[in-house]
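K.L.:
Data file target_39.cif (mmCIF, C-alpha atoms and all ligand atoms) is appended below.
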data_query
#
loop_
_atom_site.label_atom_id
_atom_site.label_comp_id
_atom_site.auth_asym_id
_atom_site.auth_seq_id
_atom_site.Cartn_x
_atom_site.Cartn_y
_atom_site.Cartn_z
CA MET L 494 -11.74 -29.74 -6.91
CA SER L 495 -11.17 -29.85 -3.20
CA SER L 496 -8.11 -31.91 -2.40
CA ASN L 497 -5.22 -31.44 -0.01
CA GLU L 498 -2.89 -31.17 -3.00
CA THR L 499 -4.84 -28.44 -4.77
CA TRP L 500 -5.40 -26.40 -1.63
CA PHE L 501 -1.74 -26.58 -0.74
CA GLU L 502 -0.68 -25.68 -4.28
CA ARG L 503 -2.91 -22.61 -4.11
CA ALA L 504 -1.53 -21.82 -0.67
CA GLU L 505 2.05 -21.98 -1.90
CA VAL L 506 1.27 -19.39 -4.58
CA VAL L 507 0.04 -16.74 -2.17
CA ILE L 508 1.50 -17.70 1.22
CA PRO L 509 5.26 -18.30 1.66
CA GLY L 510 5.78 -22.04 2.02
CA GLY L 511 2.01 -22.40 2.02
CA VAL L 512 1.76 -21.90 5.79
CA ASP L 513 1.20 -19.03 8.19
CA SER L 514 3.37 -20.64 10.86
CA PRO L 515 6.37 -22.84 9.96
CA VAL L 516 5.48 -25.65 12.41
CA ARG L 517 2.49 -26.45 10.19
CA SER L 518 4.77 -27.16 7.27
CA PHE L 519 5.64 -30.77 6.41
CA ARG L 520 9.21 -29.76 5.58
CA SER L 521 10.80 -31.88 8.29
CA VAL L 522 8.60 -34.93 7.73
CA GLY L 523 8.07 -34.68 3.96
CA GLY L 524 4.85 -34.76 1.97
CA THR L 525 1.89 -32.41 1.61
CA PRO L 526 0.04 -31.08 4.66
CA TYR L 527 -3.60 -32.02 5.05
CA THR L 528 -5.77 -28.90 4.89
CA VAL L 529 -8.29 -28.87 7.72
CA ALA L 530 -11.91 -28.21 6.79
CA SER L 531 -13.37 -28.66 10.26
CA GLY L 532 -12.84 -30.16 13.65
CA GLU L 533 -15.01 -31.65 16.32
CA GLY L 534 -13.83 -32.78 19.74
CA ALA L 535 -10.70 -34.90 19.40
CA GLU L 536 -10.94 -35.10 15.60
CA VAL L 537 -10.18 -32.96 12.59
CA VAL L 538 -11.52 -33.53 9.08
CA ASP L 539 -9.53 -32.49 6.04
CA VAL L 540 -10.86 -31.05 2.79
CA GLU L 541 -11.03 -34.56 1.29
CA GLY L 542 -13.19 -35.80 4.15
CA ASN L 543 -10.44 -37.82 5.87
CA ARG L 544 -10.83 -37.90 9.66
CA TYR L 545 -7.85 -37.80 11.98
CA LEU L 546 -7.63 -38.29 15.70
CA ASP L 547 -5.85 -35.03 16.46
CA TYR L 548 -2.92 -34.71 18.86
CA VAL L 549 -1.95 -31.27 17.54
CA GLN L 550 -4.97 -29.49 19.03
CA SER L 551 -3.60 -26.17 17.81
CA TYR L 552 -0.38 -26.82 19.75
CA GLY L 553 -2.25 -26.70 23.01
CA ALA L 554 -4.65 -23.85 22.35
CA SER L 555 -7.56 -26.25 22.33
CA LEU L 556 -7.94 -27.88 25.76
CA LEU L 557 -11.62 -28.77 25.37
CA GLY L 558 -11.22 -30.18 21.88
CA HIS L 559 -12.47 -28.58 18.67
CA ALA L 560 -15.77 -26.71 18.35
CA HIS L 561 -16.82 -27.37 21.93
CA PRO L 562 -20.55 -26.50 22.22
CA THR L 563 -19.98 -24.11 25.15
CA ILE L 564 -17.32 -22.18 23.27
CA VAL L 565 -19.40 -22.07 20.09
CA SER L 566 -22.34 -20.72 22.02
CA VAL L 567 -20.46 -17.96 23.88
CA LEU L 568 -18.80 -16.92 20.63
CA ARG L 569 -22.14 -16.65 18.81
CA ASP L 570 -23.47 -14.55 21.63
CA ALA L 571 -20.38 -12.33 21.82
CA ALA L 572 -20.27 -11.78 18.04
CA THR L 573 -23.77 -10.32 17.98
CA LYS L 574 -22.69 -7.64 20.49
CA GLY L 575 -19.76 -6.31 18.48
CA THR L 576 -16.26 -7.68 18.25
CA THR L 577 -13.93 -4.79 19.09
CA PHE L 578 -14.38 -1.28 20.47
CA GLY L 579 -11.14 0.28 21.64
CA ALA L 580 -12.71 0.85 25.05
CA PRO L 581 -12.77 -1.28 28.22
CA THR L 582 -15.16 -4.25 28.19
CA PRO L 583 -16.48 -6.57 30.92
CA GLY L 584 -14.87 -9.60 29.21
CA GLU L 585 -11.37 -8.33 29.98
CA VAL L 586 -12.20 -7.96 33.64
CA LEU L 587 -13.81 -11.39 33.76
CA LEU L 588 -10.84 -13.12 32.13
CA ALA L 589 -8.33 -11.30 34.33
CA GLU L 590 -10.39 -12.24 37.40
CA ALA L 591 -10.68 -15.86 36.26
CA MET L 592 -6.91 -16.02 35.86
CA THR L 593 -5.86 -14.24 39.04
CA THR L 594 -8.23 -16.26 41.23
CA ARG L 595 -6.80 -19.51 39.86
CA VAL L 596 -3.07 -18.77 39.97
CA ARG L 597 -1.51 -18.14 43.35
CA GLY L 598 0.58 -14.98 43.46
CA LEU L 599 -0.80 -13.64 40.18
CA GLU L 600 -2.39 -10.34 41.21
CA GLN L 601 -2.75 -8.57 37.88
CA VAL L 602 -2.59 -9.43 34.20
CA ARG L 603 -2.37 -7.45 31.00
CA LEU L 604 -4.03 -9.16 28.04
CA VAL L 605 -2.39 -9.33 24.62
CA SER L 606 -3.13 -11.32 21.47
CA SER L 607 -0.43 -14.02 21.37
CA GLY L 608 2.12 -15.86 23.48
CA THR L 609 4.90 -14.06 21.60
CA GLU L 610 3.54 -10.69 22.67
CA ALA L 611 3.11 -11.88 26.24
CA VAL L 612 6.73 -12.95 26.60
CA MET L 613 8.12 -9.97 24.71
CA SER L 614 6.16 -7.62 26.97
CA ALA L 615 7.09 -9.47 30.18
CA VAL L 616 10.77 -9.19 29.31
CA ARG L 617 10.42 -5.48 28.59
CA LEU L 618 8.63 -5.04 31.91
CA ALA L 619 11.34 -6.98 33.77
CA ARG L 620 14.00 -4.77 32.22
CA GLY L 621 12.08 -1.61 32.95
CA PHE L 622 11.34 -2.65 36.53
CA THR L 623 14.89 -3.72 37.42
CA GLY L 624 16.73 -1.15 35.29
CA ARG L 625 18.93 -4.00 34.02
CA ASP L 626 19.55 -5.34 30.50
CA LYS L 627 20.46 -9.04 30.48
CA VAL L 628 17.95 -11.84 30.10
CA VAL L 629 18.77 -15.50 30.61
CA LYS L 630 16.93 -18.10 28.55
CA PHE L 631 17.51 -21.83 28.18
CA ASP L 632 18.70 -23.78 25.18
CA GLY L 633 15.75 -25.41 23.37
CA CYS L 634 13.05 -23.37 25.10
CA TYR L 635 10.71 -21.50 22.76
CA HIS L 636 9.28 -18.16 23.82
CA GLY L 637 7.67 -16.93 20.63
CA HIS L 638 9.31 -15.27 17.66
CA SER L 639 10.41 -11.89 19.02
CA ASP L 640 13.96 -10.87 18.03
CA ALA L 641 15.68 -11.19 21.39
CA LEU L 642 14.22 -14.60 22.23
CA LEU L 643 14.42 -16.66 19.04
CA VAL L 644 18.03 -17.58 19.71
CA ALA L 645 18.40 -21.30 20.56
CA GLY L 646 14.62 -21.64 20.32
CA GLY L 647 13.12 -25.13 20.08
CA SER L 648 9.95 -25.94 18.13
CA GLY L 649 9.92 -24.71 14.52
CA VAL L 650 13.27 -22.95 14.86
CA ALA L 651 14.92 -26.29 15.65
CA GLN L 652 12.72 -28.11 13.13
CA MET L 653 14.00 -25.87 10.34
CA GLY L 654 17.58 -26.49 11.53
CA LEU L 655 18.12 -22.84 12.41
CA PRO L 656 20.26 -21.55 15.30
CA GLY L 657 18.10 -18.44 15.41
CA SER L 658 16.82 -16.31 12.58
CA ALA L 659 18.15 -14.20 9.76
CA GLY L 660 16.99 -10.63 10.14
CA VAL L 661 17.78 -10.53 13.85
CA THR L 662 20.63 -8.12 14.53
CA ALA L 663 23.56 -8.95 16.79
CA GLY L 664 22.42 -6.00 18.89
CA ALA L 665 18.99 -7.54 19.43
CA VAL L 666 20.45 -10.67 21.02
CA ALA L 667 23.45 -9.04 22.72
CA ASP L 668 21.62 -9.02 26.03
CA THR L 669 20.25 -12.56 25.75
CA ILE L 670 22.26 -15.20 27.60
CA VAL L 671 21.57 -18.83 26.69
CA ALA L 672 22.11 -21.50 29.35
CA PRO L 673 21.59 -25.28 29.26
CA TYR L 674 18.20 -26.45 30.55
CA ASN L 675 18.23 -28.13 33.95
CA GLU L 676 21.41 -26.37 35.11
CA VAL L 677 21.06 -23.38 37.42
CA PRO L 678 23.27 -20.61 36.02
CA THR L 679 25.27 -18.33 38.29
CA LEU L 680 23.87 -14.83 37.83
CA ASP L 681 25.19 -11.36 38.55
CA ASP L 682 23.46 -8.04 39.04
CA SER L 683 23.35 -7.26 35.31
CA VAL L 684 20.55 -9.81 34.92
CA ALA L 685 17.02 -8.41 34.72
CA ALA L 686 15.25 -11.74 34.35
CA VAL L 687 15.53 -15.47 33.99
CA LEU L 688 12.96 -16.76 31.51
CA VAL L 689 12.05 -20.43 31.56
CA GLU L 690 9.47 -22.94 30.37
CA PRO L 691 8.79 -24.68 33.70
CA VAL L 692 8.32 -27.86 31.68
CA ALA L 693 10.24 -27.62 28.42
CA ALA L 694 7.65 -28.51 25.79
CA ASN L 695 9.25 -27.23 22.58
CA MET L 696 12.18 -29.67 22.41
CA ASN L 697 9.63 -32.41 22.61
CA LEU L 698 9.25 -32.89 26.38
CA VAL L 699 11.98 -32.29 28.94
CA ALA L 700 10.88 -32.24 32.56
CA PRO L 701 12.61 -29.98 35.07
CA LEU L 702 14.92 -32.03 37.29
CA PRO L 703 14.18 -31.81 41.02
CA GLY L 704 15.75 -28.62 42.34
CA PHE L 705 16.04 -26.84 38.96
CA LEU L 706 13.09 -24.45 39.32
CA GLU L 707 13.77 -24.00 43.06
CA GLY L 708 17.41 -23.25 42.19
CA LEU L 709 16.38 -20.60 39.65
CA ARG L 710 14.11 -19.00 42.26
CA ALA L 711 16.95 -18.85 44.81
CA GLU L 712 19.51 -17.57 42.32
CA CYS L 713 17.15 -14.83 41.09
CA ASP L 714 16.49 -13.79 44.69
CA ARG L 715 20.21 -13.71 45.42
CA VAL L 716 20.94 -11.12 42.71
CA GLY L 717 17.57 -9.33 42.56
CA ALA L 718 16.56 -10.63 39.12
CA LEU L 719 12.97 -11.49 38.24
CA LEU L 720 12.00 -15.08 37.54
CA ILE L 721 9.61 -15.35 34.56
CA PHE L 722 7.65 -18.55 33.98
CA ASP L 723 6.58 -18.92 30.37
CA GLU L 724 3.37 -20.84 31.08
CA VAL L 725 2.01 -20.50 27.55
CA ILE L 726 1.78 -24.32 27.42
CA THR L 727 1.71 -25.29 31.12
CA GLY L 728 -0.79 -22.62 32.23
CA PHE L 729 -4.24 -23.95 33.18
CA ARG L 730 -3.24 -27.39 31.81
CA LEU L 731 -0.69 -28.78 34.28
CA ALA L 732 -3.04 -27.75 37.06
CA GLN L 733 -5.59 -24.97 37.44
CA GLY L 734 -2.81 -22.90 38.95
CA GLY L 735 -0.36 -24.05 36.27
CA ALA L 736 3.30 -24.80 36.95
CA GLU L 737 3.30 -22.59 40.05
CA GLU L 738 0.80 -24.91 41.69
CA TYR L 739 2.27 -28.09 40.23
CA PHE L 740 5.84 -27.44 41.35
CA GLY L 741 5.24 -25.05 44.25
CA VAL L 742 7.70 -22.50 42.89
CA THR L 743 6.39 -18.94 42.49
CA PRO L 744 7.82 -16.74 39.73
CA ASP L 745 7.73 -12.93 39.68
CA LEU L 746 6.12 -12.78 36.25
CA TRP L 747 3.99 -15.21 34.27
CA CYS L 748 3.31 -15.46 30.55
CA PHE L 749 0.20 -17.19 29.23
CA GLY L 750 -1.32 -17.96 25.86
CA LYS L 751 -2.85 -20.97 24.09
CA VAL L 752 -5.36 -22.43 26.63
CA ILE L 753 -6.53 -19.03 27.89
CA GLY L 754 -7.94 -18.06 24.49
CA GLY L 755 -10.20 -21.09 24.15
CA GLY L 756 -9.01 -21.34 20.55
CA LEU L 757 -8.94 -17.61 19.83
CA PRO L 758 -5.87 -15.37 19.77
CA VAL L 759 -5.08 -14.39 23.36
CA GLY L 760 -1.99 -14.02 25.49
CA ALA L 761 -1.41 -12.46 28.87
CA PHE L 762 1.42 -11.55 31.17
CA GLY L 763 1.15 -10.70 34.81
CA GLY L 764 2.52 -10.77 38.31
CA SER L 765 2.34 -8.69 41.46
CA LYS L 766 0.77 -5.23 41.51
CA ARG L 767 4.13 -3.86 42.63
CA VAL L 768 5.84 -5.01 39.42
CA LEU L 769 2.87 -4.38 37.11
CA ALA L 770 2.72 -0.76 38.33
CA SER L 771 5.68 -0.09 36.04
CA LEU L 772 3.44 -0.61 33.00
CA SER L 773 1.96 2.25 31.03
CA PRO L 774 -0.34 4.13 31.80
CA LEU L 775 0.82 3.81 35.45
CA GLY L 776 4.54 3.59 34.82
CA PRO L 777 7.31 4.08 32.26
CA VAL L 778 7.19 0.70 30.47
CA TYR L 779 5.11 1.10 27.31
CA GLN L 780 2.99 -1.75 26.03
CA ALA L 781 -0.19 -1.67 23.94
CA GLY L 782 -2.51 -3.43 21.48
CA THR L 783 -5.52 -2.43 19.38
CA LEU L 784 -7.14 -5.86 19.69
CA SER L 785 -5.84 -6.67 23.20
CA GLY L 786 -8.62 -8.04 25.40
CA ASN L 787 -10.78 -8.62 22.35
CA PRO L 788 -14.40 -9.43 23.30
CA LEU L 789 -14.61 -12.66 21.28
CA ALA L 790 -11.31 -13.91 22.63
CA THR L 791 -12.06 -13.04 26.25
CA ALA L 792 -15.50 -14.67 26.02
CA ALA L 793 -13.93 -17.92 24.83
CA GLY L 794 -11.14 -17.67 27.41
CA VAL L 795 -13.50 -17.14 30.33
CA ALA L 796 -15.69 -20.01 29.13
CA VAL L 797 -12.73 -22.41 29.07
CA LEU L 798 -11.42 -21.44 32.48
CA GLU L 799 -14.87 -21.71 34.00
CA HIS L 800 -15.65 -24.99 32.27
CA VAL L 801 -12.48 -26.86 33.27
CA THR L 802 -12.38 -28.00 36.90
CA PRO L 803 -9.37 -29.19 38.91
CA ASP L 804 -10.96 -32.66 38.74
CA ASP L 805 -11.02 -32.51 34.93
CA LEU L 806 -7.31 -31.75 34.90
CA ALA L 807 -6.58 -34.52 37.42
CA ILE L 808 -8.50 -36.99 35.25
CA LEU L 809 -6.73 -35.78 32.11
CA SER L 810 -3.38 -36.09 33.84
CA GLY L 811 -4.16 -39.66 34.94
CA ARG L 812 -5.27 -40.55 31.42
CA VAL L 813 -2.13 -39.10 29.90
CA THR L 814 0.10 -40.96 32.38
CA ASN L 815 -1.51 -44.28 31.37
CA PHE L 816 -1.53 -43.42 27.69
CA ALA L 817 2.16 -42.49 27.81
CA SER L 818 3.19 -45.79 29.38
CA GLU L 819 0.95 -47.87 27.12
CA LEU L 820 2.15 -46.07 24.01
CA GLN L 821 5.77 -46.57 25.00
CA GLU L 822 5.17 -50.26 25.68
CA ALA L 823 3.30 -50.78 22.39
CA ILE L 824 6.08 -49.19 20.33
CA ARG L 825 8.79 -51.04 22.22
CA GLY L 826 6.85 -54.27 21.74
CA GLU L 827 7.55 -53.89 18.01
CA GLY L 828 11.28 -53.52 18.53
CA LEU L 829 11.48 -49.73 18.20
CA PHE L 830 12.84 -47.89 21.23
CA ALA L 831 10.53 -45.20 22.58
CA SER L 832 10.42 -42.91 25.53
CA THR L 833 7.23 -41.02 26.39
CA PRO L 834 8.07 -38.69 29.28
CA SER L 835 5.02 -37.11 30.87
CA VAL L 836 4.39 -34.35 33.38
CA GLY L 837 0.76 -34.01 34.36
CA ALA L 838 -1.26 -33.74 31.16
CA LEU L 839 1.82 -33.03 29.02
CA MET L 840 3.56 -35.84 27.18
CA GLY L 841 6.41 -36.24 24.75
CA LEU L 842 7.59 -38.94 22.38
CA TYR L 843 11.18 -39.77 21.50
CA LEU L 844 12.10 -42.65 19.21
CA ALA L 845 15.42 -44.42 18.70
CA ASP L 846 17.00 -47.57 17.28
CA GLU L 847 18.68 -48.44 20.54
CA GLU L 848 18.09 -48.17 24.27
CA PHE L 849 18.21 -44.63 25.64
CA SER L 850 16.94 -42.63 28.58
CA ALA L 851 14.69 -39.57 28.40
CA PRO L 852 16.72 -36.42 27.68
CA THR L 853 17.30 -33.75 30.31
CA ASN L 854 18.51 -30.98 28.01
CA PHE L 855 18.39 -29.78 24.41
CA THR L 856 21.69 -31.36 23.36
CA GLN L 857 20.32 -34.79 24.22
CA ALA L 858 16.82 -34.05 22.90
CA LYS L 859 18.20 -32.86 19.57
CA VAL L 860 20.12 -36.06 18.87
CA LEU L 861 16.88 -38.03 19.28
CA CYS L 862 14.72 -35.56 17.33
CA GLU L 863 17.17 -35.61 14.41
CA ASN L 864 17.60 -39.40 14.07
CA GLY L 865 15.02 -39.58 11.25
CA LEU L 866 12.67 -42.07 12.92
CA TYR L 867 9.96 -39.59 13.82
CA ARG L 868 9.24 -38.64 10.21
CA LYS L 869 8.60 -42.30 9.36
CA PHE L 870 6.48 -42.87 12.43
CA PHE L 871 4.55 -39.65 11.78
CA HIS L 872 3.49 -40.78 8.29
CA GLU L 873 2.62 -44.32 9.40
CA MET L 874 0.36 -42.79 12.07
CA LEU L 875 -1.16 -40.25 9.68
CA ASP L 876 -1.91 -42.96 7.11
CA ARG L 877 -3.80 -44.78 9.86
CA GLY L 878 -5.82 -41.72 10.86
CA VAL L 879 -3.81 -40.31 13.76
CA ALA L 880 -2.44 -36.78 13.40
CA LEU L 881 0.69 -36.03 15.39
CA ALA L 882 2.53 -32.73 14.97
CA PRO L 883 4.60 -32.69 11.76
CA GLY L 884 7.84 -32.13 13.68
CA ALA L 885 9.86 -34.14 16.18
CA TYR L 886 10.29 -31.18 18.54
CA GLU L 887 6.59 -30.90 19.42
CA ILE L 888 4.71 -32.72 22.17
CA LEU L 889 1.39 -34.61 21.98
CA PHE L 890 -1.63 -32.61 23.07
CA VAL L 891 -4.34 -34.76 24.58
CA SER L 892 -7.53 -32.72 25.01
CA LEU L 893 -10.43 -33.23 27.37
CA ALA L 894 -12.36 -34.51 24.35
CA HIS L 895 -10.03 -37.50 23.88
CA THR L 896 -11.84 -40.48 25.36
CA ARG L 897 -10.20 -43.50 26.85
CA ALA L 898 -11.30 -45.41 23.75
CA ASP L 899 -9.56 -42.83 21.53
CA LEU L 900 -6.34 -43.32 23.46
CA GLU L 901 -6.61 -47.13 23.33
CA ARG L 902 -7.19 -46.96 19.60
CA THR L 903 -4.11 -44.76 19.26
CA VAL L 904 -1.99 -47.27 21.18
CA ALA L 905 -3.10 -50.09 18.87
CA ILE L 906 -2.40 -47.95 15.80
CA ALA L 907 1.02 -46.99 17.20
CA ALA L 908 1.98 -50.67 17.43
CA ASP L 909 1.11 -51.13 13.74
CA ALA L 910 2.96 -47.94 12.85
CA ALA L 911 6.05 -48.99 14.80
CA ARG L 912 6.01 -52.38 13.05
CA ALA L 913 5.84 -50.62 9.70
CA VAL L 914 8.73 -48.33 10.64
CA ARG L 915 10.83 -51.35 11.64
CA SER L 916 10.17 -53.29 8.43
C1 LIG A 1001 3.54 -21.26 21.59
C2 LIG A 1001 4.48 -20.70 22.61
C3 LIG A 1001 4.79 -19.34 22.64
C4 LIG A 1001 4.33 -18.37 21.57
O1 LIG A 1001 2.97 -18.23 21.52
P1 LIG A 1001 2.29 -17.69 20.14
O2 LIG A 1001 0.86 -17.53 20.51
O3 LIG A 1001 2.56 -18.74 19.12
O4 LIG A 1001 2.94 -16.41 19.82
C5 LIG A 1001 5.55 -18.87 23.68
N1 LIG A 1001 6.00 -19.69 24.64
C6 LIG A 1001 5.74 -21.02 24.63
C7 LIG A 1001 6.25 -21.88 25.74
C8 LIG A 1001 4.99 -21.57 23.60
O5 LIG A 1001 4.77 -22.88 23.57
#
Transcribe the structure of this file into structure tokens.
Ligand SMILES: *Cc1c(COP(=O)(O)O)cnc(C)c1O
P.N.:
Amino acid sequence: MSSNETWFERAEVVIPGGVDSPVRSFRSVGGTPYTVASGEGAEVVDVEGNRYLDYVQSYGASLLGHAHPTIVSVLRDAATKGTTFGAPTPGEVLLAEAMTTRVRGLEQVRLVSSGTEAVMSAVRLARGFTGRDKVVKFDGCYHGHSDALLVAGGSGVAQMGLPGSAGVTAGAVADTIVAPYNEVPTLDDSVAAVLVEPVAANMNLVAPLPGFLEGLRAECDRVGALLIFDEVITGFRLAQGGAEEYFGVTPDLWCFGKVIGGGLPVGAFGGSKRVLASLSPLGPVYQAGTLSGNPLATAAGVAVLEHVTPDDLAILSGRVTNFASELQEAIRGEGLFASTPSVGALMGLYLADEEFSAPTNFTQAKVLCENGLYRKFFHEMLDRGVALAPGAYEILFVSLAHTRADLERTVAIAADAARAVRS
């Protein structure tokens, strides 16, 4: 028997909580997760054959939509040539070139296998380069699950109601300073780096207020700290040059993931040659990975970056802007209060019983995410064939495969779902 229930029961026997990443769990929305059998374009199909219009899109890893023919073809080709060697390969060079030619100021990258690794390594590099210990992060920003950075993380950490994680020692977070998003902290010369999501996309969506990113740049320059943009979500999605291009603020170090793997496990961190020269084998900061720059992953990554043009991203951004306002209007038309903040191709969704304005920090975002409305709305949407992320802290990922008709259908379904939530 192939049903969502039986697959998940089997999963729970051999995998803790039945999931390999807590955001996939239905804990915060209730019910049994659908188990995906396949995906194509904007849709996923579960093991029972139910089709969903998918706004999870692997949390942003899938910009072209699922099983894009170009990606499938380069992967087939790459697989026949061998999938890992432990020696340099052309794919690594091609992906690094594709990235550095698209992002202004990014001179070199080191490839890793996840966003977590990218951020963890960038922070180590910043500490090694500056000879300083402290790292500033912002409340509600998620930077992967490494010990020092889980504190006050958004996404699944917030979804599970955790302030951080058990198993992380006080020592591991002693040099992590948490500041409220959208307020420029006053730094001193103990700070190695300020780490920020240039658009906060793990407390649902919080846009940077005008002056915030510029203020961080100036404050880092004042004390000689490095500014790190975690562009794991914004990279190659907000614009071809990511947040740097979109906001015109240049960090010292970048972290990437998600989009750059074309659906395979890839991350990268990079910056100027001057800073990257501190990395092993050139310098004293050690960093490594058996599968880093994996041929399958780099082939998919290069294919995505080459396939997606600035025009594609401009069109996607325009579509998302319209979709966001229509979705908000449709939900509000049914007497439920909604806010759908959007920045380029990124969009969020907050629901409430009364009038409110879009949050500017985690304290405000959390109140909205915890009001219990999202879980109802989520299930009403899922029952009607639209898959949102099973957690109020995640954003909606619209891929290049979502057509205008898909988005219009979603707006109509959202009106029905909002009506059902109200009744
Ligand atoms: C997803 C994410 C990460 C972690 O990436 P993984 O590949 O899940 O390790 C880091 N930073 C941000 C902003 C993310 O959204």
K.L.:
Give me the box for ligand LIG 1001 (chain A) as JSON, namely the centre and edge lengths in Å to one decimal of a box along x, y and z that holds every listed atom plus 6 Å on each side.
P.N.:
{"center_x": 3.6, "center_y": -19.6, "center_z": 22.4, "size_x": 17.4, "size_y": 18.5, "size_z": 18.6}
K.L.:
Give me the chain L side of the contact with ligand LIG 1001 (chain A), cut-off 6 Å, one line per residue showing its nearest atom pair and distance in Å at one decimal, counting only C-alpha atoms and all ligand atoms, sorted by chain and residue number, as CSV.
P.N.:
residue,atom,partner,partner_atom,distance
L:Ser607,CA,A:LIG1001,O2,3.8
L:Gly608,CA,A:LIG1001,O1,3.2
L:Thr609,CA,A:LIG1001,O4,3.5
L:Tyr635,CA,A:LIG1001,C6,5.3
L:His636,CA,A:LIG1001,N1,3.7
L:Gly637,CA,A:LIG1001,C4,3.8
L:Glu690,CA,A:LIG1001,C7,5.7
L:Asp723,CA,A:LIG1001,C7,5.5
L:Val725,CA,A:LIG1001,C6,4.8
L:Ile726,CA,A:LIG1001,O5,5.1
L:Gly750,CA,A:LIG1001,O2,5.8
K.L.:
Within 10 Å of (2.9, -19.0, 13.8) in the file's own coordinates, which protein, DNA or RNA residues have an atom, counting only C-alpha atoms? List them as a list in words.
P.N.:
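Residues found, by chain and rising number: Val512, Asp513, Ser514, Pro515, Val516, Arg517, Ser607, Thr609, Gly637, His638 and Gly649 of chain L.
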K.L.:
Excluding same-chain residues fewer than 5 positions from Phe849 in chain L, what lies within 12 Å of it counting only C-alpha atoms, as a list of chain:residue names?
P.N.:
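Residues meeting the cut-off are L:Arg825, L:Leu829, L:Phe830, L:Ala831, L:Ser832, L:Thr833, L:Tyr843, L:Leu844, L:Gln857, L:Ala858, L:Val860, L:Leu861.
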K.L.:
Output as CSV one row per residue of range 819-905 of chain L within 10 Å of range 664-674 of chain L: the closest atom pair and its distance in Å to one decimal place, counting only C-alpha atoms, sorted by chain and residue number ascending.
P.N.:
residue,atom,partner,partner_atom,distance
L:Thr853,CA,L:Tyr674,CA,7.4
L:Asn854,CA,L:Tyr674,CA,5.2
L:Phe855,CA,L:Tyr674,CA,7.0
L:Thr856,CA,L:Pro673,CA,8.5
K.L.:
Save out the residues we just selected, C-alpha atoms, as a PDB file, in the frame of the given file.
P.N.:
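Written output follows (again-v1.pdb):
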ATOM      1  CA  THR L 853      17.300 -33.750  30.310  1.00  0.00           C
ATOM      2  CA  ASN L 854      18.510 -30.980  28.010  1.00  0.00           C
ATOM      3  CA  PHE L 855      18.390 -29.780  24.410  1.00  0.00           C
ATOM      4  CA  THR L 856      21.690 -31.360  23.360  1.00  0.00           C
TER       5      THR L 856
END
K.L.:
Can you pull out every residue within 12 Å of Lys574 in chain L, counting all atoms listed in the file, but drop anything in the same chain fewer than 3 positions away, and send it as a compact mmCIF listing (two decimals) with C-alpha atoms, in the frame of the given file?
P.N.:
# COMPACT_ATOMS: atom_id res chain seq x y z
CA VAL L 567 -20.46 -17.96 23.88
CA LEU L 568 -18.80 -16.92 20.63
CA ARG L 569 -22.14 -16.65 18.81
CA ASP L 570 -23.47 -14.55 21.63
CA ALA L 571 -20.38 -12.33 21.82
CA THR L 577 -13.93 -4.79 19.09
CA PHE L 578 -14.38 -1.28 20.47
CA THR L 582 -15.16 -4.25 28.19
CA GLY L 584 -14.87 -9.60 29.21
CA PRO L 788 -14.40 -9.43 23.30
CA LEU L 789 -14.61 -12.66 21.28
CA ALA L 792 -15.50 -14.67 26.02
K.L.:
As an exercise, work out the distance from CA of Val879 in chain L to CA of Phe501 in chain L in Å and give it to one decimal place.
P.N.:
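CA of Phe501 in chain L lies 20.1 Å from CA of Val879 in chain L.
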K.L.:
My list of candidates is L:Val616, L:Val602, L:Leu688, L:Leu769. Which is closest to Phe749 in chain L when distances are computed with all atoms listed in the file?
P.N.:
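When distances to Phe749 in chain L are compared using all atoms listed in the file, the smallest one comes from L:Val602.
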K.L.:
What is the CA of Gly558 in chain L to CA of Met840 in chain L distance in Å?
P.N.:
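Rounded to one decimal, the two atoms are 16.7 Å apart.
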K.L.:
Which residue out of L:Leu618, L:Glu536, L:Ser531, L:Val549 has the minimum interatomic distance to Ala770 in chain L when only C-alpha atoms are used?
P.N.:
L:Leu618
K.L.:
Which polymer residues have any atom within 12 Å of an atom of Ser916 in chain L, counting only C-alpha atoms, with same-chain residues fewer than 5 positions away left out, as an mmCIF file with C-alpha atoms, in the frame of the given file?
P.N.:
data_model
loop_
_atom_site.group_PDB
_atom_site.id
_atom_site.type_symbol
_atom_site.label_atom_id
_atom_site.label_comp_id
_atom_site.auth_asym_id
_atom_site.auth_seq_id
_atom_site.Cartn_x
_atom_site.Cartn_y
_atom_site.Cartn_z
ATOM 1 C CA GLU L 827 7.550 -53.890 18.010
ATOM 2 C CA GLY L 828 11.280 -53.520 18.530
ATOM 3 C CA LEU L 829 11.480 -49.730 18.200
ATOM 4 C CA LYS L 869 8.600 -42.300 9.360
ATOM 5 C CA PHE L 870 6.480 -42.870 12.430
ATOM 6 C CA GLU L 873 2.620 -44.320 9.400
ATOM 7 C CA ASP L 909 1.110 -51.130 13.740
ATOM 8 C CA ALA L 910 2.960 -47.940 12.850
ATOM 9 C CA ALA L 911 6.050 -48.990 14.800
#
K.L.:
Quick one: contact table of range 739-778 of chain L to range 691-696 of chain L, 12 Å max, nearest atom pair and distance in Å to one decimal per residue, counting all atoms listed in the file, chain and number order, as a Markdown table?
P.N.:
| residue | atom | partner | partner_atom | distance |
| --- | --- | --- | --- | --- |
| L:Tyr739 | CA | L:Pro691 | CA | 9.8 |
| L:Phe740 | CA | L:Pro691 | CA | 8.7 |
| L:Gly741 | CA | L:Pro691 | CA | 11.1 |
| L:Val742 | CA | L:Pro691 | CA | 9.5 |
| L:Thr743 | CA | L:Pro691 | CA | 10.8 |
| L:Pro744 | CA | L:Pro691 | CA | 10.0 |
| L:Trp747 | CA | L:Pro691 | CA | 10.6 |
| L:Cys748 | CA | L:Pro691 | CA | 11.2 |
